[in-house]
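> For reference, the file final.cif (mmCIF, C-alpha atoms (C1' of nucleotides)) is included below:
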```cif
data_structure
loop_
_atom_site.label_atom_id
_atom_site.label_comp_id
_atom_site.auth_asym_id
_atom_site.auth_seq_id
_atom_site.Cartn_x
_atom_site.Cartn_y
_atom_site.Cartn_z
CA MET A 1 119.84 107.57 27.92
CA LEU A 2 122.15 107.46 30.92
CA ASP A 3 125.05 108.32 28.68
CA ALA A 4 123.75 111.72 27.66
CA THR A 5 122.43 112.50 31.13
CA LEU A 6 125.66 111.76 32.95
CA ALA A 7 127.75 113.46 30.28
CA ALA A 8 125.55 116.54 30.58
CA LEU A 9 125.93 116.53 34.35
CA ALA A 10 129.70 116.13 34.16
CA ASP A 11 130.25 119.78 33.25
CA PRO A 12 130.23 122.32 36.10
CA THR A 13 128.80 125.08 33.91
CA ARG A 14 125.87 122.87 33.06
CA ARG A 15 125.34 121.88 36.67
CA ALA A 16 125.29 125.57 37.55
CA ILE A 17 122.69 126.18 34.85
CA LEU A 18 120.54 123.44 36.31
CA SER A 19 120.91 124.89 39.81
CA ARG A 20 119.79 128.24 38.46
CA LEU A 21 116.77 126.70 36.83
CA ALA A 22 115.91 124.91 40.06
CA GLN A 23 115.06 128.37 41.42
CA GLY A 24 112.71 129.08 38.58
CA ASP A 25 112.35 129.13 34.82
CA ALA A 26 114.61 131.60 33.05
CA ARG A 27 115.64 132.86 29.63
CA VAL A 28 118.94 131.90 28.04
CA THR A 29 120.26 135.40 28.69
CA ASP A 30 119.31 135.24 32.37
CA VAL A 31 120.92 131.89 32.77
CA ALA A 32 124.07 133.16 31.06
CA LYS A 33 124.44 136.28 33.21
CA PRO A 34 126.62 134.85 36.04
CA PHE A 35 129.14 133.33 33.65
CA THR A 36 132.19 134.95 32.14
CA ILE A 37 131.98 132.83 29.02
CA SER A 38 130.13 134.08 25.98
CA LEU A 39 126.37 133.90 25.62
CA ASN A 40 126.99 131.68 22.65
CA SER A 41 128.84 129.09 24.72
CA VAL A 42 126.05 129.09 27.28
CA SER A 43 123.59 128.57 24.44
CA LYS A 44 125.54 125.47 23.43
CA HIS A 45 125.49 124.14 26.97
CA VAL A 46 121.75 124.64 27.05
CA ARG A 47 121.43 122.70 23.83
CA MET A 48 123.32 119.80 25.39
CA LEU A 49 121.05 119.89 28.40
CA GLU A 50 118.11 119.75 26.04
CA ARG A 51 119.64 116.82 24.21
CA ALA A 52 119.87 115.05 27.55
CA LYS A 53 116.24 116.08 28.14
CA LEU A 54 117.18 117.66 31.45
CA VAL A 55 115.93 121.01 30.19
CA ARG A 56 112.92 121.98 28.12
CA ARG A 57 112.47 125.13 26.13
CA ARG A 58 109.34 127.04 25.27
CA ILE A 59 109.54 130.02 22.93
CA GLU A 60 107.57 133.14 23.79
CA GLY A 61 108.17 135.70 21.12
CA ARG A 62 111.88 136.33 20.95
CA GLU A 63 112.49 134.82 24.39
CA HIS A 64 113.35 131.19 25.00
CA ILE A 65 112.17 130.14 28.43
CA LEU A 66 114.04 127.21 29.95
CA SER A 67 112.64 124.84 32.53
CA LEU A 68 113.76 121.66 34.22
CA ASN A 69 112.63 118.16 33.43
CA PRO A 70 113.39 115.87 36.37
CA GLN A 71 112.94 112.52 34.64
CA PRO A 72 116.50 111.89 33.40
CA LEU A 73 117.87 113.00 36.75
CA ASP A 74 115.65 110.45 38.44
CA GLU A 75 116.94 107.72 36.17
CA ALA A 76 120.54 108.66 36.80
CA GLY A 77 119.88 108.84 40.52
CA ASP A 78 118.27 105.42 40.47
CA TRP A 79 121.18 103.86 38.64
CA ILE A 80 123.67 105.30 41.08
CA ALA A 81 121.55 104.29 44.06
CA ALA A 82 121.36 100.73 42.75
CA GLN A 83 125.11 100.59 42.28
CA ARG A 84 125.69 102.02 45.72
CA LYS A 85 123.60 99.24 47.21
CA LEU A 86 125.39 96.56 45.20
CA TRP A 87 128.79 97.87 46.14
CA ALA A 88 127.89 98.19 49.79
CA TRP A 89 126.58 94.64 49.81
CA ARG A 90 129.70 93.34 48.10
CA LEU A 91 131.98 95.16 50.52
CA GLY A 92 129.86 93.89 53.39
CA GLU A 93 130.28 90.29 52.25
CA LEU A 94 134.00 90.85 52.00
CA GLU A 95 134.05 92.17 55.52
CA LYS A 96 132.25 89.05 56.76
CA VAL A 97 134.82 86.80 55.13
CA LEU A 98 137.67 88.74 56.66
CA THR A 99 136.35 88.80 60.21
CA ASP A 100 134.12 85.81 60.61
CA GLY A 101 135.24 83.16 58.33
CA MET B 1 135.64 115.86 42.09
CA LEU B 2 132.12 115.52 40.71
CA ASP B 3 133.40 116.38 37.26
CA ALA B 4 135.70 113.40 36.96
CA THR B 5 133.23 111.05 38.62
CA LEU B 6 130.30 111.91 36.39
CA ALA B 7 132.45 111.97 33.27
CA ALA B 8 133.77 108.53 34.19
CA LEU B 9 130.24 107.23 34.70
CA ALA B 10 129.03 108.69 31.41
CA ASP B 11 130.65 105.94 29.35
CA PRO B 12 128.80 102.62 29.05
CA THR B 13 132.00 100.60 28.84
CA ARG B 14 133.16 102.08 32.10
CA ARG B 15 129.81 101.48 33.76
CA ALA B 16 130.04 97.86 32.62
CA ILE B 17 133.51 97.60 34.13
CA LEU B 18 132.16 98.91 37.42
CA SER B 19 129.30 96.42 37.32
CA ARG B 20 131.80 93.66 36.78
CA LEU B 21 133.88 94.79 39.73
CA ALA B 22 130.76 94.92 41.90
CA GLN B 23 130.75 91.13 41.66
CA GLY B 24 134.32 90.90 42.87
CA ASP B 25 137.83 92.15 42.33
CA ALA B 26 139.34 91.25 38.99
CA ARG B 27 142.41 91.67 36.81
CA VAL B 28 142.49 94.02 33.85
CA THR B 29 142.40 91.04 31.50
CA ASP B 30 139.37 89.53 33.24
CA VAL B 31 137.54 92.82 33.13
CA ALA B 32 138.36 93.19 29.44
CA LYS B 33 137.15 89.73 28.43
CA PRO B 34 133.48 90.53 27.64
CA PHE B 35 134.37 93.47 25.40
CA THR B 36 135.13 93.42 21.72
CA ILE B 37 137.44 96.40 22.01
CA SER B 38 141.14 95.88 22.52
CA LEU B 39 142.68 95.18 25.90
CA ASN B 40 144.53 98.42 25.47
CA SER B 41 141.35 100.43 25.24
CA VAL B 42 140.00 98.75 28.34
CA SER B 43 143.24 99.57 30.11
CA LYS B 44 142.67 103.22 29.25
CA HIS B 45 139.12 103.11 30.59
CA VAL B 46 140.45 101.61 33.80
CA ARG B 47 142.94 104.45 34.07
CA MET B 48 140.10 106.96 33.81
CA LEU B 49 138.17 105.12 36.49
CA GLU B 50 141.26 105.32 38.66
CA ARG B 51 141.60 109.02 37.99
CA ALA B 52 138.01 109.41 39.17
CA LYS B 53 139.00 107.29 42.20
CA LEU B 54 136.13 104.90 41.49
CA VAL B 55 138.62 102.06 41.10
CA ARG B 56 141.75 101.16 43.00
CA ARG B 57 144.56 98.97 41.78
CA ARG B 58 146.92 96.71 43.67
CA ILE B 59 149.75 94.99 41.86
CA GLU B 60 150.48 91.36 42.63
CA GLY B 61 153.35 90.22 40.53
CA ARG B 62 152.42 90.73 36.93
CA GLU B 63 148.73 91.01 37.71
CA HIS B 64 146.93 94.24 38.45
CA ILE B 65 143.92 93.58 40.68
CA LEU B 66 141.14 96.13 40.43
CA SER B 67 138.65 96.90 43.16
CA LEU B 68 135.88 99.39 43.72
CA ASN B 69 136.01 102.49 45.85
CA PRO B 70 132.48 103.63 46.69
CA GLN B 71 133.28 107.13 47.95
CA PRO B 72 133.02 109.13 44.70
CA LEU B 73 129.84 107.28 43.80
CA ASP B 74 128.38 108.30 47.13
CA GLU B 75 129.24 111.93 46.48
CA ALA B 76 127.70 111.84 43.03
CA GLY B 77 124.62 110.12 44.40
CA ASP B 78 124.29 112.72 47.12
CA TRP B 79 124.53 115.60 44.66
CA ILE B 80 121.87 114.08 42.42
CA ALA B 81 119.63 113.30 45.39
CA ALA B 82 119.91 116.88 46.59
CA GLN B 83 119.02 118.21 43.14
CA ARG B 84 116.11 115.81 42.88
CA LYS B 85 114.73 117.16 46.14
CA LEU B 86 115.20 120.76 45.05
CA TRP B 87 113.55 120.17 41.71
CA ALA B 88 110.66 118.29 43.23
CA TRP B 89 110.12 121.08 45.73
CA ARG B 90 110.23 123.70 43.01
CA LEU B 91 107.78 121.81 40.82
CA GLY B 92 105.57 121.30 43.85
CA GLU B 93 105.45 125.02 44.55
CA LEU B 94 104.61 125.64 40.93
CA GLU B 95 101.76 123.16 41.21
CA LYS B 96 100.43 125.00 44.26
CA VAL B 97 100.41 128.30 42.40
CA LEU B 98 98.60 126.79 39.47
CA THR B 99 95.87 125.09 41.46
CA ASP B 100 95.49 127.05 44.67
CA GLY B 101 96.90 130.49 44.14
"C1'" DA C 1 167.99 81.02 28.88
"C1'" DA C 2 163.78 80.99 26.46
"C1'" DC C 3 159.02 81.50 26.19
"C1'" DA C 4 154.45 82.90 27.60
"C1'" DT C 5 151.45 86.08 30.14
"C1'" DA C 6 149.88 90.66 31.89
"C1'" DT C 7 150.02 95.24 31.30
"C1'" DT C 8 151.43 99.57 29.77
"C1'" DC C 9 153.77 102.97 26.49
"C1'" DA C 10 154.09 105.43 22.20
"C1'" DC C 11 151.83 106.73 18.26
"C1'" DC C 12 148.15 107.53 14.97
"C1'" DT C 13 143.22 108.64 13.54
"C1'" DC C 14 138.68 110.40 14.18
"C1'" DT C 15 135.14 112.75 16.49
"C1'" DA C 16 133.17 115.71 19.81
"C1'" DA C 17 133.34 119.28 23.26
"C1'" DG C 18 134.42 123.92 25.00
"C1'" DG C 19 135.61 128.37 23.85
"C1'" DA C 20 135.66 132.56 20.81
"C1'" DT C 21 133.95 135.90 17.15
"C1'" DG C 22 131.00 137.79 13.65
"C1'" DA C 23 126.89 137.42 10.92
"C1'" DA C 24 122.10 136.05 10.43
"C1'" DT C 25 117.27 135.70 12.08
"C1'" DA C 26 113.18 136.89 14.60
"C1'" DT C 27 110.65 139.84 17.55
"C1'" DT C 28 109.55 143.94 20.12
"C1'" DG C 29 109.11 149.00 20.71
"C1'" DG C 30 109.34 153.65 19.10
"C1'" DC D 1 110.12 151.64 8.90
"C1'" DC D 2 113.99 151.43 12.09
"C1'" DA D 3 116.64 150.34 16.06
"C1'" DA D 4 117.30 147.48 19.90
"C1'" DT D 5 116.94 142.84 22.01
"C1'" DA D 6 117.23 137.67 22.18
"C1'" DT D 7 118.98 133.89 20.23
"C1'" DT D 8 121.07 130.96 17.01
"C1'" DC D 9 124.13 129.81 12.87
"C1'" DA D 10 128.55 129.39 10.77
"C1'" DT D 11 133.20 129.06 11.36
"C1'" DC D 12 137.56 128.54 13.60
"C1'" DC D 13 140.90 126.84 17.19
"C1'" DT D 14 142.37 123.76 20.81
"C1'" DT D 15 142.01 119.87 23.70
"C1'" DA D 16 140.36 115.44 25.19
"C1'" DG D 17 138.39 110.99 24.51
"C1'" DA D 18 137.72 106.48 22.25
"C1'" DG D 19 139.52 103.33 19.23
"C1'" DG D 20 143.37 100.93 16.90
"C1'" DT D 21 148.34 98.68 16.26
"C1'" DG D 22 152.95 97.47 17.48
"C1'" DA D 23 156.69 97.68 20.72
"C1'" DA D 24 158.37 97.74 25.42
"C1'" DT D 25 158.45 96.14 30.25
"C1'" DA D 26 157.88 93.06 33.97
"C1'" DT D 27 156.84 88.76 35.89
"C1'" DG D 28 156.04 83.77 35.87
"C1'" DT D 29 157.11 79.09 33.99
"C1'" DT D 30 159.68 75.43 31.98
#
```
Please express what this file holds, its structure, as structure tokens.


Amino acid sequence: MLDATLAALADPTRRAILSRLAQGDARVTDVAKPFTISLNSVSKHVRMLERAKLVRRRIEGREHILSLNPQPLDEAGDWIAAQRKLWAWRLGELEKVLTDG
Amino acid sequence: MLDATLAALADPTRRAILSRLAQGDARVTDVAKPFTISLNSVSKHVRMLERAKLVRRRIEGREHILSLNPQPLDEAGDWIAAQRKLWAWRLGELEKVLTDG
DNA sequence: AACATATTCACCTCTAAGGATGAATATTGG
DNA sequence: CCAATATTCATCCTTAGAGGTGAATATGTT
């Protein structure tokens, strides 16, 4: 699942959509407002965020209300945190070898 | 810079390459060994990792030695951590409203 | 000089993503 | 019923990525 999550996060438009939703649930139109691109393009971005399960949609009449789902972000964060630790350890060992022995 | 970093991390082959390099510097050929795809394709993945500055290359004779650069990973990790906090806060507030208010 | 090794370059194919526009669908409000 | 609103569907264009193969380049070895 990391694939879809990280790919979804790689696009600045989608990150902006997520930031918007972090302030509260919103309709597709609301979310699209700040962008210069077409509503249709925003709709596609939203669909990708849904595919990555970062965003959920509930339909109320003709309005689609979007909300965040933190789970995939947690997973991605955990993976990166684990790598950070590994890398830091590895670079620390290297340092030891260079200075101490 | 987040764009390139997250896009680079979105591919499983590239994440595997990074994991390999976390165990120690290695040549392009070494890094390519576990994969069934061609050396050429791996070389291209390495180039993308370099573009994202996650990997550095030093040339020793005919060998290109690859090593990790943790900085972009730190930035990506920080962004995700910040979002996680924001989202958690937002969902916490929502919870309050639902139960208490 | 000749050969092997390490890596990239130049192309080609296929698929997916990002953008646009115009039409279709569903719902709400007079 | 009819018009406006909210959203997606269908289609098109362009660009980038992931994969492949074969040739080119550079270095090391005998």

> Could you list the residues in chain D lying within 8 Å of chain B, using all atoms listed in the file, and format the result as a VMD selection string?

chain D and resid 18 to 20 26 to 28

> Report the distance between CA of Leu2 in chain B and CA of Thr29 in chain A in Å, rounded to one decimal place.

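So the answer is 26.1 Å.
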
> Mind giving me the straight-line distance from CA of Leu98 in chain A to CA of Leu68 in chain B in Å, one decimal?

16.9 Å

> Using the chain letters and residue numbers of this document, give as JSON, numbers by chain the residues selected by the PyMOL selection byres ((chain A and resi 13-19) around 12).

{"A": [5, 6, 7, 8, 9, 10, 11, 12, 20, 21, 22, 23, 24, 25, 26, 27, 28, 29, 30, 31, 32, 33, 34, 35, 36, 37, 41, 42, 43, 44, 45, 46, 47, 48, 49, 50, 52, 53, 54, 55, 56, 66, 67, 68, 69, 70, 73], "B": [2, 3, 6, 79, 80, 82, 83, 84, 85, 86, 87, 90], "C": [18]}

> Which residues, written as a count of residues only, have at least one atom at most 12 Å from DA3 in chain D, with all atoms listed in the file counted and residues fewer than 6 positions away on the same chain left out?

3

> Based on all atoms listed in the file, which of the residues in chain C come within 10 Å of chain B? I want them as an MDAnalysis selection string.

chainID C and resid 5:8

> Report, in Å to a single decimal, how far apart CA of Glu93 in chain B and CA of Ala76 in chain A are.

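Atom-to-atom, CA of Ala76 in chain A to CA of Glu93 in chain B, that is 23.6 Å.
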
> Nearest residue to chain B out of A:Arg51, A:Ala4, A:Pro72, A:Arg58, using only C-alpha atoms?

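Nearest to chain B: A:Ala4.
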
> Hey, what comes out of the PyMOL selection byres ((chain D and resi 24) around 9) on this file? Could you write it as an mmCIF file with C-alpha atoms (C1' of nucleotides), keeping the file's coordinate frame?


```
data_model
loop_
_atom_site.group_PDB
_atom_site.id
_atom_site.type_symbol
_atom_site.label_atom_id
_atom_site.label_comp_id
_atom_site.auth_asym_id
_atom_site.auth_seq_id
_atom_site.Cartn_x
_atom_site.Cartn_y
_atom_site.Cartn_z
ATOM 1 C "C1'" DT C 8 151.430 99.570 29.770
ATOM 2 C "C1'" DC C 9 153.770 102.970 26.490
ATOM 3 C "C1'" DA D 23 156.690 97.680 20.720
ATOM 4 C "C1'" DT D 25 158.450 96.140 30.250
#
```

> Quick one: apply the PyMOL selection byres ((chain C and resi 2) around 9) to the file and drop the selected residues here as a list in words.

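That selection, the PyMOL selection byres ((chain C and resi 2) around 9), comes back as DA1 and DC3 of chain C; DT30 of chain D.
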
> Select, from A:Arg57, A:Ile65, A:Ala88, A:Val97, the residue with the minimum atom-to-atom distance to chain B, counting all atoms listed in the file.

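Residue with the minimum atom-to-atom distance to chain B: A:Ala88.
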
> Of the candidates C:DA4, C:DT25, C:DA10, C:DT15, which shows the shortest atom-to-atom distance to DA16 in chain D, using all atoms listed in the file?

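Looking only at the distances to DA16 in chain D, the closest residue turns out to be C:DT15.
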
> Find the smallest box with edges along x, y and z containing every listed atom of range 85-101 of chain B, then add 6 Å on each side and report centre and edge lengths in Å to one decimal, as lines of an AutoDock Vina configuration file.


```
center_x = 105.3
center_y = 123.8
center_z = 42.8
size_x = 31.7
size_y = 25.3
size_z = 18.7
```

> Only N, CA, C and O atoms, please: range 67-101 of chain A from the block, as a short mmCIF file (atom, residue, chain, number, x, y, z; two decimals), in the first residue's frame.


```
data_model
loop_
_atom_site.label_atom_id
_atom_site.label_comp_id
_atom_site.auth_asym_id
_atom_site.auth_seq_id
_atom_site.Cartn_x
_atom_site.Cartn_y
_atom_site.Cartn_z
N SER A 67 -13.30 13.62 3.59
CA SER A 67 -12.66 13.68 4.91
C SER A 67 -11.38 12.86 4.88
O SER A 67 -11.19 12.00 4.02
N LEU A 68 -10.52 13.14 5.83
CA LEU A 68 -9.22 12.48 5.88
C LEU A 68 -9.31 11.12 6.55
O LEU A 68 -10.12 10.91 7.45
N ASN A 69 -8.43 10.23 6.12
CA ASN A 69 -8.22 8.97 6.81
C ASN A 69 -6.74 8.85 7.12
O ASN A 69 -5.92 8.71 6.20
N PRO A 70 -6.35 8.93 8.37
CA PRO A 70 -4.93 9.03 8.71
C PRO A 70 -4.13 7.74 8.56
O PRO A 70 -2.90 7.79 8.49
N GLN A 71 -4.77 6.62 8.47
CA GLN A 71 -4.05 5.34 8.50
C GLN A 71 -2.89 5.24 7.51
O GLN A 71 -1.76 4.94 7.92
N PRO A 72 -3.13 5.46 6.22
CA PRO A 72 -2.03 5.29 5.26
C PRO A 72 -0.88 6.25 5.55
O PRO A 72 0.29 5.90 5.36
N LEU A 73 -1.23 7.45 6.03
CA LEU A 73 -0.18 8.42 6.36
C LEU A 73 0.67 7.89 7.51
O LEU A 73 1.89 8.04 7.50
N ASP A 74 0.02 7.25 8.46
CA ASP A 74 0.76 6.66 9.57
C ASP A 74 1.74 5.60 9.06
O ASP A 74 2.90 5.58 9.46
N GLU A 75 1.24 4.75 8.17
CA GLU A 75 2.10 3.70 7.64
C GLU A 75 3.32 4.28 6.91
O GLU A 75 4.45 3.84 7.11
N ALA A 76 3.04 5.27 6.08
CA ALA A 76 4.13 5.91 5.34
C ALA A 76 5.12 6.55 6.32
O ALA A 76 6.34 6.41 6.17
N GLY A 77 4.57 7.22 7.32
CA GLY A 77 5.42 7.87 8.31
C GLY A 77 6.28 6.85 9.05
O GLY A 77 7.46 7.08 9.30
N ASP A 78 5.67 5.72 9.37
CA ASP A 78 6.43 4.68 10.08
C ASP A 78 7.56 4.14 9.22
O ASP A 78 8.67 3.92 9.71
N TRP A 79 7.26 3.91 7.94
CA TRP A 79 8.31 3.38 7.07
C TRP A 79 9.48 4.35 7.00
O TRP A 79 10.64 3.96 7.17
N ILE A 80 9.16 5.61 6.80
CA ILE A 80 10.22 6.61 6.70
C ILE A 80 10.98 6.71 8.01
O ILE A 80 12.22 6.78 8.02
N ALA A 81 10.27 6.69 9.13
CA ALA A 81 10.94 6.78 10.42
C ALA A 81 11.90 5.61 10.61
O ALA A 81 13.03 5.79 11.09
N ALA A 82 11.45 4.42 10.21
CA ALA A 82 12.31 3.24 10.35
C ALA A 82 13.57 3.39 9.50
O ALA A 82 14.68 3.10 9.95
N GLN A 83 13.38 3.85 8.28
CA GLN A 83 14.54 4.05 7.40
C GLN A 83 15.48 5.10 7.98
O GLN A 83 16.70 4.92 8.00
N ARG A 84 14.92 6.17 8.48
CA ARG A 84 15.74 7.22 9.07
C ARG A 84 16.64 6.65 10.16
O ARG A 84 17.84 6.95 10.22
N LYS A 85 16.05 5.81 10.99
CA LYS A 85 16.80 5.21 12.09
C LYS A 85 17.93 4.35 11.54
O LYS A 85 19.08 4.46 11.94
N LEU A 86 17.58 3.48 10.59
CA LEU A 86 18.56 2.60 9.97
C LEU A 86 19.72 3.40 9.39
O LEU A 86 20.88 3.08 9.60
N TRP A 87 19.37 4.41 8.64
CA TRP A 87 20.39 5.20 7.96
C TRP A 87 21.29 5.90 8.98
O TRP A 87 22.51 5.94 8.84
N ALA A 88 20.65 6.45 10.00
CA ALA A 88 21.42 7.16 11.02
C ALA A 88 22.38 6.19 11.71
O ALA A 88 23.55 6.51 11.94
N TRP A 89 21.88 4.99 12.00
CA TRP A 89 22.72 4.00 12.64
C TRP A 89 23.91 3.67 11.74
O TRP A 89 25.06 3.70 12.16
N ARG A 90 23.60 3.39 10.48
CA ARG A 90 24.64 3.04 9.52
C ARG A 90 25.69 4.14 9.41
O ARG A 90 26.89 3.88 9.43
N LEU A 91 25.24 5.38 9.34
CA LEU A 91 26.18 6.48 9.21
C LEU A 91 26.95 6.67 10.52
O LEU A 91 28.11 7.05 10.51
N GLY A 92 26.32 6.34 11.63
CA GLY A 92 27.00 6.40 12.91
C GLY A 92 28.12 5.37 12.98
O GLY A 92 29.24 5.68 13.40
N GLU A 93 27.85 4.16 12.55
CA GLU A 93 28.87 3.11 12.53
C GLU A 93 30.05 3.53 11.67
O GLU A 93 31.21 3.34 12.03
N LEU A 94 29.73 4.12 10.53
CA LEU A 94 30.76 4.58 9.62
C LEU A 94 31.66 5.60 10.31
O LEU A 94 32.88 5.53 10.24
N GLU A 95 31.02 6.49 11.00
CA GLU A 95 31.73 7.54 11.73
C GLU A 95 32.72 6.91 12.72
O GLU A 95 33.87 7.28 12.77
N LYS A 96 32.22 5.92 13.47
CA LYS A 96 33.06 5.22 14.44
C LYS A 96 34.32 4.67 13.77
O LYS A 96 35.43 4.85 14.25
N VAL A 97 34.12 4.00 12.67
CA VAL A 97 35.24 3.39 11.95
C VAL A 97 36.24 4.45 11.55
O VAL A 97 37.46 4.26 11.67
N LEU A 98 35.75 5.58 11.10
CA LEU A 98 36.64 6.63 10.60
C LEU A 98 37.43 7.29 11.72
O LEU A 98 38.60 7.62 11.54
N THR A 99 36.82 7.47 12.87
CA THR A 99 37.50 8.20 13.95
C THR A 99 38.25 7.27 14.89
O THR A 99 39.40 7.49 15.21
N ASP A 100 37.59 6.20 15.27
CA ASP A 100 38.07 5.39 16.37
C ASP A 100 38.86 4.17 15.91
O ASP A 100 39.76 3.71 16.60
N GLY A 101 38.48 3.62 14.85
CA GLY A 101 39.25 2.44 14.53
C GLY A 101 38.91 1.87 13.22
O GLY A 101 39.34 0.80 12.89
#
```
